[in-house]
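Take a look at the structure set out below.
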Amino acid sequence: MILNSLFPVFAVIAAGSLMKHFGLTTDAFLKVSDRLTYFIFFPALLFLKIGSASSVVFSSSGLYKAVIVTVLTVYILSTLFIKLGKVPDSQAGSFSQSCYRFNTYIGVAIVVNALNNQGIQYFMVLLGLIIPIINVLSVSTLTWFSEEKVPPARRLVQTVRAIATNPLILSCLAGMVYAHLWDGFPAFLEGTLRLASFVALPLALISIGGALTLRGIKKHFRLALIASLFKLLALPAVGYLLLKAFGVSQLGFKVGMIYFALPTSTALYVLSAQLNSDTELASAAIALSTLLSFFSLSIALVA
């Protein structure tokens with residue numbers, strides 16, 4: 001199961017890296033590809049899966065509560081480390097995000113390979129609930145520790161804008177509304193969304209591979225490793241205990257563990273750049289956690 005679930009995902013990421021190395025893709029291509037995936041194809045996939053989800057998926061409150069409490073717990077622990085470990089303000093935002101942000105694209109790709117359709121729907125609904133929370137935590141921390149002092153009102157506006165304009169959040173919310181109002185999609189609409197969603201995961205994984213670089217790991221190894229330990233060790237450990245505490249079992253438990261074991265998100269690089277945090281640390285944390293996540297995900301799949 002591990003090989004069947006993980007190998008295709010990491011093979012396409014590796015292919016994306018090789019394509020970039022041999023000039024088959026370019027920075028310009030990857031930039032356009034990222035925008036298409038982020039604004040069109042991946043939202044179509046989210047809307048399709050959430051919009052067709054059954055009421056059972058929405059009622060699995062234990063799973064969603066466990067994930068939210070776990071993320072908040074690791075966020076608090078990582079913030080304490082920033083303070084006690086004297087992480088510089090210029091790196092605090094990037095470090096913090098690396099500890100709890102997750103790679104949505106890799107998560108969906110693995111869930112599609114490893115679980116049935118209901119498992120995919122559980123994961124999609126989970127995305128709709130947790131992505132807004134993570135965006136609030138990320139933007140807040142980046143602005144709190146910014147070397148450029150940001151007034152509270154402006155910080156609030158930045159956070160609200162980041163959430164209100166996020167196409168992944170909007171598509172998740174739209175899918176939830178649709179699922180509660182209608183039972184399934186008309187054939188013509190389902191076919192259109194399915195064709196659009198087919199493009200999402202290959203493009204996303206190729207872009208992840210093309211963007212991965214190991215150049216900054218040596219320079220930022222200590223903080224990147226600590227962030228990866230928060231993300232791939234502390235988060236799954238706390239999550240495992242909370243999933244048990246909330247009585248989550250079987251399919252929901254598997255969905256939760258896969259979520260906790262995912263590498264950090266490539267989006268943290270973009271957000272760090274926009275809010276003047278250390279992009280080299282962000283890049284190093286992304287690369288290191290992506291490499292190490294093969295092991296955390298392998299454990300999650302057999303848990």
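Scheme for the structure tokens: letters A, B, ... for chains in order shown; per-chain residue numbers from 1; ligand numbers from 1 in order shown.
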
>> If DSSP is run on the backbone, what residues of stretch 237-281 of chain A are helix (DSSP H, G or I)? A reply as number ranges by chain would be ideal.
In response: A: 237-245, 250-260, 267-274, 279-281

Okay, now the selection with N, CA and C atoms, as a short mmCIF file (atom, residue, chain, number, x, y, z; two decimals), in the first residue's frame?
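Output file out20.cif follows:
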data_model
loop_
_atom_site.label_atom_id
_atom_site.label_comp_id
_atom_site.auth_asym_id
_atom_site.auth_seq_id
_atom_site.Cartn_x
_atom_site.Cartn_y
_atom_site.Cartn_z
N ALA A 237 2.34 13.31 16.15
CA ALA A 237 2.25 12.73 17.49
C ALA A 237 1.07 13.32 18.27
N VAL A 238 0.97 14.65 18.26
CA VAL A 238 -0.15 15.31 18.95
C VAL A 238 -1.46 14.93 18.26
N GLY A 239 -1.45 14.90 16.93
CA GLY A 239 -2.64 14.55 16.18
C GLY A 239 -3.13 13.14 16.47
N TYR A 240 -2.20 12.20 16.58
CA TYR A 240 -2.56 10.81 16.88
C TYR A 240 -3.30 10.73 18.22
N LEU A 241 -2.76 11.41 19.23
CA LEU A 241 -3.38 11.39 20.56
C LEU A 241 -4.77 12.02 20.53
N LEU A 242 -4.91 13.13 19.79
CA LEU A 242 -6.20 13.81 19.75
C LEU A 242 -7.23 13.05 18.92
N LEU A 243 -6.80 12.41 17.85
CA LEU A 243 -7.72 11.57 17.08
C LEU A 243 -8.29 10.46 17.96
N LYS A 244 -7.42 9.86 18.78
CA LYS A 244 -7.87 8.83 19.72
C LYS A 244 -8.81 9.43 20.77
N ALA A 245 -8.44 10.61 21.28
CA ALA A 245 -9.24 11.26 22.33
C ALA A 245 -10.63 11.63 21.82
N GLN A 250 -10.96 4.26 11.98
CA GLN A 250 -11.03 3.75 10.61
C GLN A 250 -10.70 4.81 9.57
N LEU A 251 -11.63 5.10 8.65
CA LEU A 251 -11.33 5.97 7.52
C LEU A 251 -10.96 7.38 7.96
N GLY A 252 -11.73 7.94 8.90
CA GLY A 252 -11.44 9.29 9.40
C GLY A 252 -10.07 9.37 10.04
N PHE A 253 -9.70 8.33 10.78
CA PHE A 253 -8.38 8.28 11.43
C PHE A 253 -7.28 8.29 10.38
N LYS A 254 -7.45 7.51 9.32
CA LYS A 254 -6.45 7.45 8.25
C LYS A 254 -6.30 8.80 7.55
N VAL A 255 -7.43 9.46 7.29
CA VAL A 255 -7.40 10.78 6.66
C VAL A 255 -6.63 11.76 7.55
N GLY A 256 -6.92 11.73 8.85
CA GLY A 256 -6.25 12.63 9.78
C GLY A 256 -4.75 12.41 9.82
N MET A 257 -4.33 11.15 9.88
CA MET A 257 -2.90 10.85 9.97
C MET A 257 -2.16 11.23 8.69
N ILE A 258 -2.79 11.04 7.53
CA ILE A 258 -2.15 11.48 6.28
C ILE A 258 -1.99 12.99 6.29
N TYR A 259 -3.02 13.70 6.74
CA TYR A 259 -2.94 15.15 6.82
C TYR A 259 -1.78 15.59 7.71
N PHE A 260 -1.65 14.99 8.89
CA PHE A 260 -0.61 15.40 9.84
C PHE A 260 0.79 15.13 9.30
N ALA A 267 3.43 27.27 -0.52
CA ALA A 267 2.83 28.61 -0.44
C ALA A 267 3.52 29.48 0.59
N LEU A 268 4.22 28.86 1.55
CA LEU A 268 4.85 29.67 2.58
C LEU A 268 5.97 30.54 1.99
N TYR A 269 6.58 30.08 0.89
CA TYR A 269 7.63 30.89 0.24
C TYR A 269 7.03 32.18 -0.30
N VAL A 270 5.88 32.06 -0.97
CA VAL A 270 5.23 33.23 -1.56
C VAL A 270 4.81 34.21 -0.48
N LEU A 271 4.18 33.70 0.58
CA LEU A 271 3.71 34.57 1.65
C LEU A 271 4.88 35.21 2.40
N SER A 272 5.95 34.46 2.60
CA SER A 272 7.13 35.01 3.25
C SER A 272 7.73 36.15 2.43
N ALA A 273 7.75 35.98 1.11
CA ALA A 273 8.28 37.02 0.23
C ALA A 273 7.41 38.28 0.28
N GLN A 274 6.09 38.09 0.31
CA GLN A 274 5.19 39.23 0.32
C GLN A 274 5.28 40.02 1.61
N THR A 279 13.03 34.20 2.88
CA THR A 279 12.62 33.25 1.84
C THR A 279 13.61 32.10 1.68
N GLU A 280 14.88 32.33 2.01
CA GLU A 280 15.87 31.24 1.94
C GLU A 280 15.54 30.16 2.96
N LEU A 281 15.15 30.56 4.18
CA LEU A 281 14.73 29.59 5.19
C LEU A 281 13.46 28.87 4.74
#

> Smallest atom-to-atom distance to A:Asn276: which of A:Leu142, A:Ala174, A:Ala196, A:Val12, using only C-alpha atoms?
Replying inline: A:Leu142

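Between A:Val74 and the residues A:Asn113, A:Thr266, A:Ser52, A:Ser98, the shortest atom-to-atom distance, using only C-alpha atoms, involves A:Ser98.
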
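Counting only C-alpha atoms, A:Ser54 has the following residues at most 12 Å away, ignoring those fewer than 3 positions along the same chain: Lys49, Ile50, Gly51, Val57, Phe58, Ser59, Ser60, Asn117, Gln118, Gly119, Ile120, Gln121, Tyr122, Val125, Gly175, Met176, Tyr178, Ala179, His180, Leu181, Trp182, Asp183 and Gly184 of chain A.
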
Determine, for each residue of stretch 157-268 of chain A having at least one atom at most 12 Å from an atom of stretch 93-97 of chain A, the closest pair of atoms and their separation in Å to one decimal, counting only C-alpha atoms; order by chain and ascending number, as CSV.
residue,atom,partner,partner_atom,distance
A:His220,CA,A:Phe95,CA,10.6
A:Phe221,CA,A:Phe95,CA,11.9
A:Arg222,CA,A:Phe95,CA,11.0
A:Leu223,CA,A:Phe95,CA,7.2
A:Ala224,CA,A:Phe95,CA,7.5
A:Leu225,CA,A:Phe95,CA,10.2
A:Ile226,CA,A:Phe95,CA,8.8
A:Ala227,CA,A:Phe95,CA,6.2
A:Ser228,CA,A:Phe95,CA,9.5
A:Leu229,CA,A:Phe95,CA,11.6
A:Phe230,CA,A:Ser96,CA,9.6
A:Lys231,CA,A:Gln97,CA,9.5
A:Pro263,CA,A:Gln97,CA,11.4
A:Thr264,CA,A:Gln97,CA,7.9
A:Ser265,CA,A:Gln97,CA,8.4
A:Thr266,CA,A:Gln97,CA,10.3
A:Ala267,CA,A:Gln97,CA,9.4
A:Leu268,CA,A:Gln97,CA,6.3

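Take atom CA of A:Thr213 and atom CA of A:Ser277: the distance between them is 18.2 Å.
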
> Hey, what's within 10 Å of A:Arg215 if we count only C-alpha atoms and toss same-chain stuff fewer than 2 positions away? As a VMD selection string, please?
Replying inline: chain A and resid 212 to 213 217 to 220 280 283 to 284 287

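Going from atom CA of A:Leu46 to atom CA of A:Lys31 covers 21.2 Å.
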
>> Give me, as a ChimeraX atom specification, all polymer residues having an atom no more than 12 Å from A:Pro8, counting only C-alpha atoms and skipping those fewer than 6 positions away in the same chain.
In response: /A:1-2,14-15,106,109-114,201-202,205-206,294

>> Give me the residues near A:Lys83 as a ChimeraX atom specification, where near means some atom within 12 Å (using only C-alpha atoms) and where sequence neighbours in that chain fewer than 4 positions away do not count.
In response: /A:76-79,87-89,91-92,95-96,145

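Nearest-residue note for A:Ser61: choosing from A:Cys99, A:Leu126, A:Ile40, A:Ala164, the minimum distance belongs to A:Leu126, counting only C-alpha atoms.
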
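For the choices A:Thr26, A:Ser298, A:Ser171, A:Gln158, the atom-to-atom distance to A:Gly128 is smallest for A:Ser171 when using only C-alpha atoms.
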
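The gap separating atom CA of A:Leu168 from atom CA of A:Val248 is 25.8 Å, in Å to one decimal.
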
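Using only C-alpha atoms, the nearest neighbour of A:Arg101 within the list A:Leu18, A:Leu235, A:Leu24, A:Ile13 is A:Leu235.
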
>> Which residues are close to A:Arg35, i.e. within 12 Å by only C-alpha atoms, leaving aside same-chain residues fewer than 6 positions away? Reply as an NGL selection string.
In response: :A and (28-29 or 41-43 or 167 or 200 or 203-204 or 207 or 267)
